[in-house]
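Dumped work_29.cif below, it's mmCIF, C-alpha atoms:
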data_query
loop_
_atom_site.label_atom_id
_atom_site.label_comp_id
_atom_site.auth_asym_id
_atom_site.auth_seq_id
_atom_site.Cartn_x
_atom_site.Cartn_y
_atom_site.Cartn_z
CA MET A 151 -9.40 -24.07 20.01
CA ASP A 152 -12.06 -21.46 20.70
CA LYS A 153 -14.86 -21.06 18.21
CA VAL A 154 -14.79 -17.61 16.61
CA GLU A 155 -17.97 -15.66 17.20
CA TYR A 156 -18.99 -13.37 14.35
CA THR A 157 -21.24 -10.35 14.59
CA GLU A 158 -24.16 -10.00 12.23
CA GLN A 159 -22.14 -7.57 10.08
CA GLU A 160 -19.16 -9.92 9.97
CA ARG A 161 -21.40 -12.77 8.87
CA TRP A 162 -22.17 -10.57 5.82
CA LEU A 163 -18.63 -11.42 4.73
CA ILE A 164 -18.25 -14.87 6.28
CA GLU A 165 -21.56 -16.32 5.07
CA PRO A 166 -22.31 -14.18 2.02
CA ARG A 167 -25.63 -14.32 0.25
CA ALA A 168 -25.58 -15.33 -3.41
CA GLY A 169 -25.15 -12.45 -5.82
CA THR A 170 -23.31 -10.20 -3.37
CA ALA A 171 -19.80 -8.78 -3.76
CA ALA A 172 -18.75 -10.87 -0.75
CA ALA A 173 -19.93 -14.04 -2.51
CA ALA A 174 -18.00 -13.00 -5.62
CA ALA A 175 -14.86 -12.39 -3.53
CA ARG A 176 -15.22 -15.78 -1.81
CA ASP A 177 -15.70 -17.50 -5.19
CA PHE A 178 -12.65 -15.62 -6.47
CA GLY A 179 -10.64 -17.31 -3.72
CA ILE A 180 -10.38 -14.56 -1.13
CA ASP A 181 -10.29 -15.82 2.45
CA LEU A 182 -12.79 -13.38 3.92
CA SER A 183 -12.09 -14.57 7.46
CA LEU A 184 -8.75 -12.76 7.10
CA THR A 185 -10.60 -9.67 5.93
CA VAL A 186 -12.89 -9.87 8.96
CA SER A 187 -9.85 -10.17 11.26
CA ASN A 188 -8.41 -7.06 9.62
CA LEU A 189 -11.63 -5.13 9.96
CA ARG A 190 -11.58 -5.80 13.71
CA LEU A 191 -8.36 -3.78 13.90
CA THR A 192 -7.98 0.00 13.73
CA PRO A 193 -6.62 1.38 10.41
CA GLU A 194 -3.27 2.02 12.12
CA GLU A 195 -3.12 -1.56 13.41
CA ARG A 196 -3.95 -2.83 9.91
CA VAL A 197 -1.11 -0.87 8.30
CA ARG A 198 1.28 -1.89 11.09
CA GLN A 199 0.36 -5.55 10.51
CA LEU A 200 0.90 -5.10 6.76
CA ASP A 201 4.27 -3.52 7.45
CA GLU A 202 5.36 -6.32 9.79
CA PHE A 203 4.20 -8.93 7.29
CA GLN A 204 6.27 -7.30 4.54
CA ALA A 205 9.30 -7.16 6.84
CA SER A 206 8.99 -10.91 7.52
CA ILE A 207 8.66 -11.66 3.79
CA LYS A 208 11.83 -9.65 3.20
CA GLU A 209 13.67 -11.60 5.92
CA LEU A 210 12.42 -14.86 4.45
CA ARG A 211 13.64 -13.85 0.98
CA LYS A 212 17.07 -13.00 2.41
CA ALA A 213 17.19 -16.37 4.18
CA VAL A 214 16.30 -18.20 0.94
CA ILE A 215 19.07 -16.36 -0.96
CA ILE A 216 21.64 -17.20 1.74
CA SER A 217 20.52 -20.80 1.86
CA LYS A 218 20.77 -21.11 -1.97
CA ARG A 219 24.25 -19.54 -1.86
CA HIS A 220 25.36 -22.04 0.81
CA ALA A 221 23.95 -24.93 -1.22
CA ARG A 222 25.82 -23.69 -4.31
CA ASP A 223 29.07 -23.31 -2.34
CA ARG A 224 28.69 -26.81 -0.90
CA ALA A 225 28.04 -28.26 -4.37
CA SER A 226 31.10 -26.55 -5.88
CA THR A 227 33.30 -27.70 -2.95
CA GLU A 228 32.14 -31.30 -3.44
CA THR A 229 32.74 -31.09 -7.21
CA SER A 230 36.27 -29.81 -6.73
CA ARG A 231 37.17 -32.70 -4.38
CA MET B 276 11.36 0.32 12.24
CA PRO B 277 9.46 -1.32 9.33
CA GLU B 278 9.48 0.41 5.92
CA ILE B 279 5.91 1.61 5.51
CA GLU B 280 5.99 3.33 8.90
CA ARG B 281 9.31 5.03 8.11
CA VAL B 282 8.15 6.27 4.71
CA LEU B 283 4.87 7.58 6.12
CA LYS B 284 6.72 9.33 8.93
CA LEU B 285 9.09 10.91 6.39
CA LEU B 286 6.12 12.39 4.52
CA ALA B 287 4.61 13.67 7.76
CA GLU B 288 7.86 15.10 9.14
CA HIS B 289 8.45 17.09 5.95
CA LYS B 290 4.81 18.25 5.93
CA ILE B 291 4.23 16.87 2.44
CA ASN B 292 0.74 17.56 1.17
CA CYS B 293 -0.30 14.20 -0.21
CA VAL B 294 -3.00 11.55 -0.18
CA ILE B 295 -2.06 7.94 0.52
CA VAL B 296 -3.38 5.68 -2.26
CA GLY B 297 -2.60 2.15 -3.50
CA GLY B 298 -1.82 -0.85 -1.34
CA VAL B 299 -1.30 1.01 1.93
CA ALA B 300 -4.68 2.71 1.49
CA ALA B 301 -6.21 -0.69 0.69
CA GLY B 302 -4.58 -2.13 3.82
CA ALA B 303 -5.89 0.74 5.94
CA HIS B 304 -9.40 0.01 4.65
CA GLY B 305 -9.04 -3.66 5.67
CA SER B 306 -7.65 -5.46 2.63
CA SER B 307 -5.57 -8.51 3.50
CA GLN B 308 -3.41 -8.23 0.39
CA GLY B 309 0.18 -7.17 0.77
CA THR B 310 2.16 -4.29 -0.64
CA SER B 311 5.82 -3.40 -0.48
CA ASP B 312 5.72 0.31 -1.22
CA VAL B 313 3.92 3.49 -0.27
CA ASP B 314 1.97 5.21 -3.06
CA ALA B 315 1.10 8.86 -2.55
CA CYS B 316 -0.62 11.41 -4.76
CA TYR B 317 1.18 14.69 -4.08
CA ALA B 318 0.35 18.36 -4.44
CA ARG B 319 2.29 20.02 -7.24
CA ASP B 320 2.51 23.56 -5.86
CA PRO B 321 6.09 24.93 -5.73
CA GLU B 322 6.33 24.87 -1.91
CA ASN B 323 5.27 21.25 -1.71
CA LEU B 324 7.67 20.25 -4.50
CA THR B 325 10.53 21.94 -2.62
CA ARG B 326 9.66 20.08 0.61
CA LEU B 327 9.24 16.85 -1.34
CA ALA B 328 12.62 17.15 -3.08
CA GLU B 329 14.26 17.91 0.28
CA SER B 330 12.62 14.89 1.93
CA LEU B 331 13.66 12.62 -0.94
CA ARG B 332 17.26 13.84 -0.80
CA SER B 333 17.35 13.15 2.95
CA VAL B 334 16.78 9.43 2.27
CA HIS B 335 18.98 9.28 -0.87
CA ALA B 336 16.08 8.52 -3.21
CA THR B 337 16.94 7.15 -6.64
CA VAL B 338 14.67 6.18 -9.50
CA ARG B 339 13.75 2.53 -9.01
CA GLY B 340 15.05 0.25 -11.73
CA ALA B 341 17.14 2.95 -13.42
CA PRO B 342 20.85 2.27 -13.96
CA LYS B 343 22.81 3.73 -11.04
CA ASP B 344 25.26 5.51 -13.33
CA ILE B 345 22.54 7.63 -14.95
CA PRO B 346 22.55 10.95 -13.09
CA PHE B 347 19.26 12.02 -11.54
CA ILE B 348 19.24 15.39 -9.84
CA LEU B 349 16.61 15.50 -7.19
CA GLU B 350 15.30 19.04 -7.19
CA ASP B 351 11.86 20.58 -7.18
CA GLU B 352 12.40 21.40 -10.87
CA THR B 353 12.93 17.70 -11.63
CA LEU B 354 9.65 16.88 -9.91
CA ARG B 355 7.89 19.74 -11.72
CA ARG B 356 9.01 18.41 -15.11
CA GLY B 357 7.71 14.90 -14.40
CA LEU B 358 4.45 13.59 -13.00
CA ASN B 359 4.69 10.05 -11.65
CA PHE B 360 7.88 8.75 -10.05
CA THR B 361 8.93 5.44 -8.52
CA PHE B 362 11.70 5.86 -5.97
CA GLU B 363 13.76 3.53 -3.87
CA THR B 364 15.18 5.13 -0.76
CA ASP B 365 17.24 4.24 2.30
CA ILE B 366 14.03 3.59 4.21
CA GLY B 367 11.82 1.86 1.60
CA ASP B 368 10.12 2.31 -1.74
CA LEU B 369 7.95 5.34 -2.43
CA ASP B 370 5.83 5.93 -5.52
CA LEU B 371 4.78 9.53 -6.08
CA LEU B 372 1.82 10.13 -8.33
CA GLY B 373 0.89 13.51 -9.73
CA GLU B 374 -2.33 11.97 -10.92
CA VAL B 375 -4.32 8.88 -10.03
CA ARG B 376 -6.14 7.30 -12.95
CA GLY B 377 -9.89 7.30 -12.44
CA VAL B 378 -9.70 9.95 -9.71
CA GLY B 379 -7.50 12.88 -10.78
CA GLY B 380 -4.78 14.97 -9.19
CA TYR B 381 -4.09 15.89 -5.57
CA ALA B 382 -7.13 18.16 -5.22
CA GLU B 383 -9.52 15.47 -6.44
CA CYS B 384 -7.86 12.81 -4.27
CA LEU B 385 -7.98 15.11 -1.24
CA ALA B 386 -11.68 15.80 -1.82
CA SER B 387 -12.27 12.02 -1.81
CA SER B 388 -10.09 11.20 1.16
CA ILE B 389 -10.62 10.33 4.78
CA GLN B 390 -8.26 11.27 7.59
CA ILE B 391 -6.54 8.51 9.52
CA VAL B 392 -4.09 8.86 12.39
CA MET B 393 -1.21 6.42 11.99
CA PHE B 394 2.10 6.32 13.83
CA GLY B 395 1.26 9.52 15.65
CA CYS B 396 0.59 11.53 12.48
CA ARG B 397 -2.57 12.45 10.58
CA PHE B 398 -2.76 11.25 6.97
CA HIS B 399 -5.23 11.73 4.18
CA VAL B 400 -6.10 8.32 2.73
CA LEU B 401 -8.10 7.86 -0.47
CA SER B 402 -11.66 6.71 0.28
CA LEU B 403 -12.55 3.10 -0.35
CA GLU B 404 -15.02 4.05 -3.11
CA LYS B 405 -12.41 6.06 -5.02
CA LEU B 406 -9.71 3.48 -4.40
CA ILE B 407 -11.92 0.89 -6.09
CA GLU B 408 -12.54 3.28 -8.98
CA ALA B 409 -8.80 3.97 -9.30
CA LYS B 410 -7.92 0.28 -9.32
CA ARG B 411 -10.66 -0.52 -11.81
CA THR B 412 -9.45 2.26 -14.13
CA ALA B 413 -5.77 1.30 -13.76
CA GLY B 414 -6.81 -2.17 -14.90
CA ARG B 415 -3.44 -3.81 -14.22
CA GLN B 416 -3.61 -7.42 -13.15
CA LYS B 417 -2.52 -6.62 -9.58
CA ASP B 418 -5.20 -3.93 -9.33
CA LEU B 419 -7.92 -6.20 -10.67
CA LEU B 420 -6.89 -8.94 -8.23
CA ALA B 421 -7.42 -6.54 -5.32
CA LEU B 422 -10.92 -5.52 -6.45
CA PRO B 423 -13.12 -8.41 -5.24
CA GLU B 424 -12.03 -8.04 -1.61
CA LEU B 425 -12.28 -4.22 -1.65
CA GLU B 426 -15.76 -4.43 -3.17
CA ALA B 427 -16.81 -6.93 -0.50
CA ILE B 428 -15.51 -4.59 2.23
CA LEU B 429 -17.37 -1.65 0.71
CA GLU B 430 -20.55 -3.71 0.48
CA SER B 431 -20.27 -4.79 4.11
CA GLU B 432 -19.66 -1.16 5.19
CA ARG B 433 -22.72 -0.04 3.27
CA GLY B 434 -24.70 -2.90 4.80
CA LYS B 435 -23.56 -1.70 8.22
CA GLU B 436 -24.71 1.84 7.43
CA ASN B 437 -28.09 0.66 6.19
CA SER B 438 -28.80 -1.72 9.08
#

Mind turning the file's structure into structure tokens?
Amino acid sequence: MDKVEYTEQERWLIEPRAGTAAAAARDFGIDLSLTVSNLRLTPEERVRQLDEFQASIKELRKAVIISKRHARDRASTETSR
Amino acid sequence: MPEIERVLKLLAEHKINCVIVGGVAAGAHGSSQGTSDVDACYARDPENLTRLAESLRSVHATVRGAPKDIPFILEDETLRRGLNFTFETDIGDLDLLGEVRGVGGYAECLASSIQIVMFGCRFHVLSLEKLIEAKRTAGRQKDLLALPELEAILESERGKENS
């Protein structure tokens, strides 16, 4: 795997100095490497990525509901045997 | 086509005067946190309300969470009588805000916005500084959770400007 090279400005977020907002965000649990990846994109690319992510979450939710329904159907079939 | 893109294009196609705020604005500024709806602060002049009502009818907008049997007539008058609305539509969720807490109405949001071209259209998006102010003022848990990352982005942008 290639090592990610960060610019000086990106290191502001990746290796934050104590007392900065970036340090507070890191301590809060934010993965600032994701933020840096986002900032490398154009605003349009960021929103598109957000949109695609939401669409996948929606698909995943649908799949979970279908899978639960199948499991329930299977259980009721086995009970009725 | 994914939902956010479709909702943004709807606003652009109907020439709605609005400023994109909330999670989509945060995403455009670089936040990695997700959102499932488009929030927009809209102009409340009669012409804009007419265009807005027309655009909402074209995607069969209904009030999110309201019982389906309660009639809701989507006309400019309905929008004029209310202020903030949460809609679900055929193409995705859309929250329309007459006022953004901590910032103000459309005019104030517009004055604190930047222009971003997305999906072939130009949008006004609330500035990062004002977005932070709005989220801090709103004070809901989901807004407060978004703050640390937005503040870090703002700080890094300011650092970039000062270097």

Using only C-alpha atoms, select each residue of chain B with any atom at most 7 Å away from an atom of chain A, and give the selection as a PDB file with C-alpha atoms, keeping the file's coordinate frame.
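Contents of iface-v1.pdb, freshly written:
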ATOM      1  CA  PRO B 277       9.460  -1.320   9.330  1.00  0.00           C
ATOM      2  CA  GLU B 278       9.480   0.410   5.920  1.00  0.00           C
ATOM      3  CA  ILE B 279       5.910   1.610   5.510  1.00  0.00           C
ATOM      4  CA  VAL B 299      -1.300   1.010   1.930  1.00  0.00           C
ATOM      5  CA  GLY B 302      -4.580  -2.130   3.820  1.00  0.00           C
ATOM      6  CA  ALA B 303      -5.890   0.740   5.940  1.00  0.00           C
ATOM      7  CA  HIS B 304      -9.400   0.010   4.650  1.00  0.00           C
ATOM      8  CA  GLY B 305      -9.040  -3.660   5.670  1.00  0.00           C
ATOM      9  CA  SER B 306      -7.650  -5.460   2.630  1.00  0.00           C
ATOM     10  CA  SER B 307      -5.570  -8.510   3.500  1.00  0.00           C
ATOM     11  CA  GLY B 309       0.180  -7.170   0.770  1.00  0.00           C
ATOM     12  CA  SER B 311       5.820  -3.400  -0.480  1.00  0.00           C
ATOM     13  CA  VAL B 392      -4.090   8.860  12.390  1.00  0.00           C
ATOM     14  CA  MET B 393      -1.210   6.420  11.990  1.00  0.00           C
ATOM     15  CA  PRO B 423     -13.120  -8.410  -5.240  1.00  0.00           C
ATOM     16  CA  GLU B 424     -12.030  -8.040  -1.610  1.00  0.00           C
ATOM     17  CA  GLU B 426     -15.760  -4.430  -3.170  1.00  0.00           C
ATOM     18  CA  ALA B 427     -16.810  -6.930  -0.500  1.00  0.00           C
ATOM     19  CA  GLU B 430     -20.550  -3.710   0.480  1.00  0.00           C
ATOM     20  CA  SER B 431     -20.270  -4.790   4.110  1.00  0.00           C
ATOM     21  CA  LYS B 435     -23.560  -1.700   8.220  1.00  0.00           C
TER      22      LYS B 435
END

Worksheet entry | Residue IDs satisfying the PyMOL selection byres ((chain B and resi 317-320) around 12), as a PyMOL selection string | chain B and resi 286+290-296+314-316+321-328+351-360+369-375+379-385+399-400

Keeping only C-alpha atoms, write those residues as a compact mmCIF listing (two decimals), keeping the file's coordinate frame.
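Output saved as part_26.txt:
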# COMPACT_ATOMS: atom_id res chain seq x y z
CA LEU B 286 6.12 12.39 4.52
CA LYS B 290 4.81 18.25 5.93
CA ILE B 291 4.23 16.87 2.44
CA ASN B 292 0.74 17.56 1.17
CA CYS B 293 -0.30 14.20 -0.21
CA VAL B 294 -3.00 11.55 -0.18
CA ILE B 295 -2.06 7.94 0.52
CA VAL B 296 -3.38 5.68 -2.26
CA ASP B 314 1.97 5.21 -3.06
CA ALA B 315 1.10 8.86 -2.55
CA CYS B 316 -0.62 11.41 -4.76
CA PRO B 321 6.09 24.93 -5.73
CA GLU B 322 6.33 24.87 -1.91
CA ASN B 323 5.27 21.25 -1.71
CA LEU B 324 7.67 20.25 -4.50
CA THR B 325 10.53 21.94 -2.62
CA ARG B 326 9.66 20.08 0.61
CA LEU B 327 9.24 16.85 -1.34
CA ALA B 328 12.62 17.15 -3.08
CA ASP B 351 11.86 20.58 -7.18
CA GLU B 352 12.40 21.40 -10.87
CA THR B 353 12.93 17.70 -11.63
CA LEU B 354 9.65 16.88 -9.91
CA ARG B 355 7.89 19.74 -11.72
CA ARG B 356 9.01 18.41 -15.11
CA GLY B 357 7.71 14.90 -14.40
CA LEU B 358 4.45 13.59 -13.00
CA ASN B 359 4.69 10.05 -11.65
CA PHE B 360 7.88 8.75 -10.05
CA LEU B 369 7.95 5.34 -2.43
CA ASP B 370 5.83 5.93 -5.52
CA LEU B 371 4.78 9.53 -6.08
CA LEU B 372 1.82 10.13 -8.33
CA GLY B 373 0.89 13.51 -9.73
CA GLU B 374 -2.33 11.97 -10.92
CA VAL B 375 -4.32 8.88 -10.03
CA GLY B 379 -7.50 12.88 -10.78
CA GLY B 380 -4.78 14.97 -9.19
CA TYR B 381 -4.09 15.89 -5.57
CA ALA B 382 -7.13 18.16 -5.22
CA GLU B 383 -9.52 15.47 -6.44
CA CYS B 384 -7.86 12.81 -4.27
CA LEU B 385 -7.98 15.11 -1.24
CA HIS B 399 -5.23 11.73 4.18
CA VAL B 400 -6.10 8.32 2.73

Practice prompt. Find, counting all atoms listed in the file, the residue in B:Glu363, B:Glu288, B:Phe347, B:Gln308 that gets nearest to Leu420 in chain B.
Written response: B:Gln308

Practice prompt. Name the residues that the PyMOL selection byres ((chain B and resi 403) around 8) picks from the file above, as a PyMOL selection string, using the file's chain letters and numbers.
Written response: chain B and resi 301+304+401-402+404-407+425+429

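In this structure, CA of Ile164 in chain A sits 21.7 Å away from CA of Leu419 in chain B.
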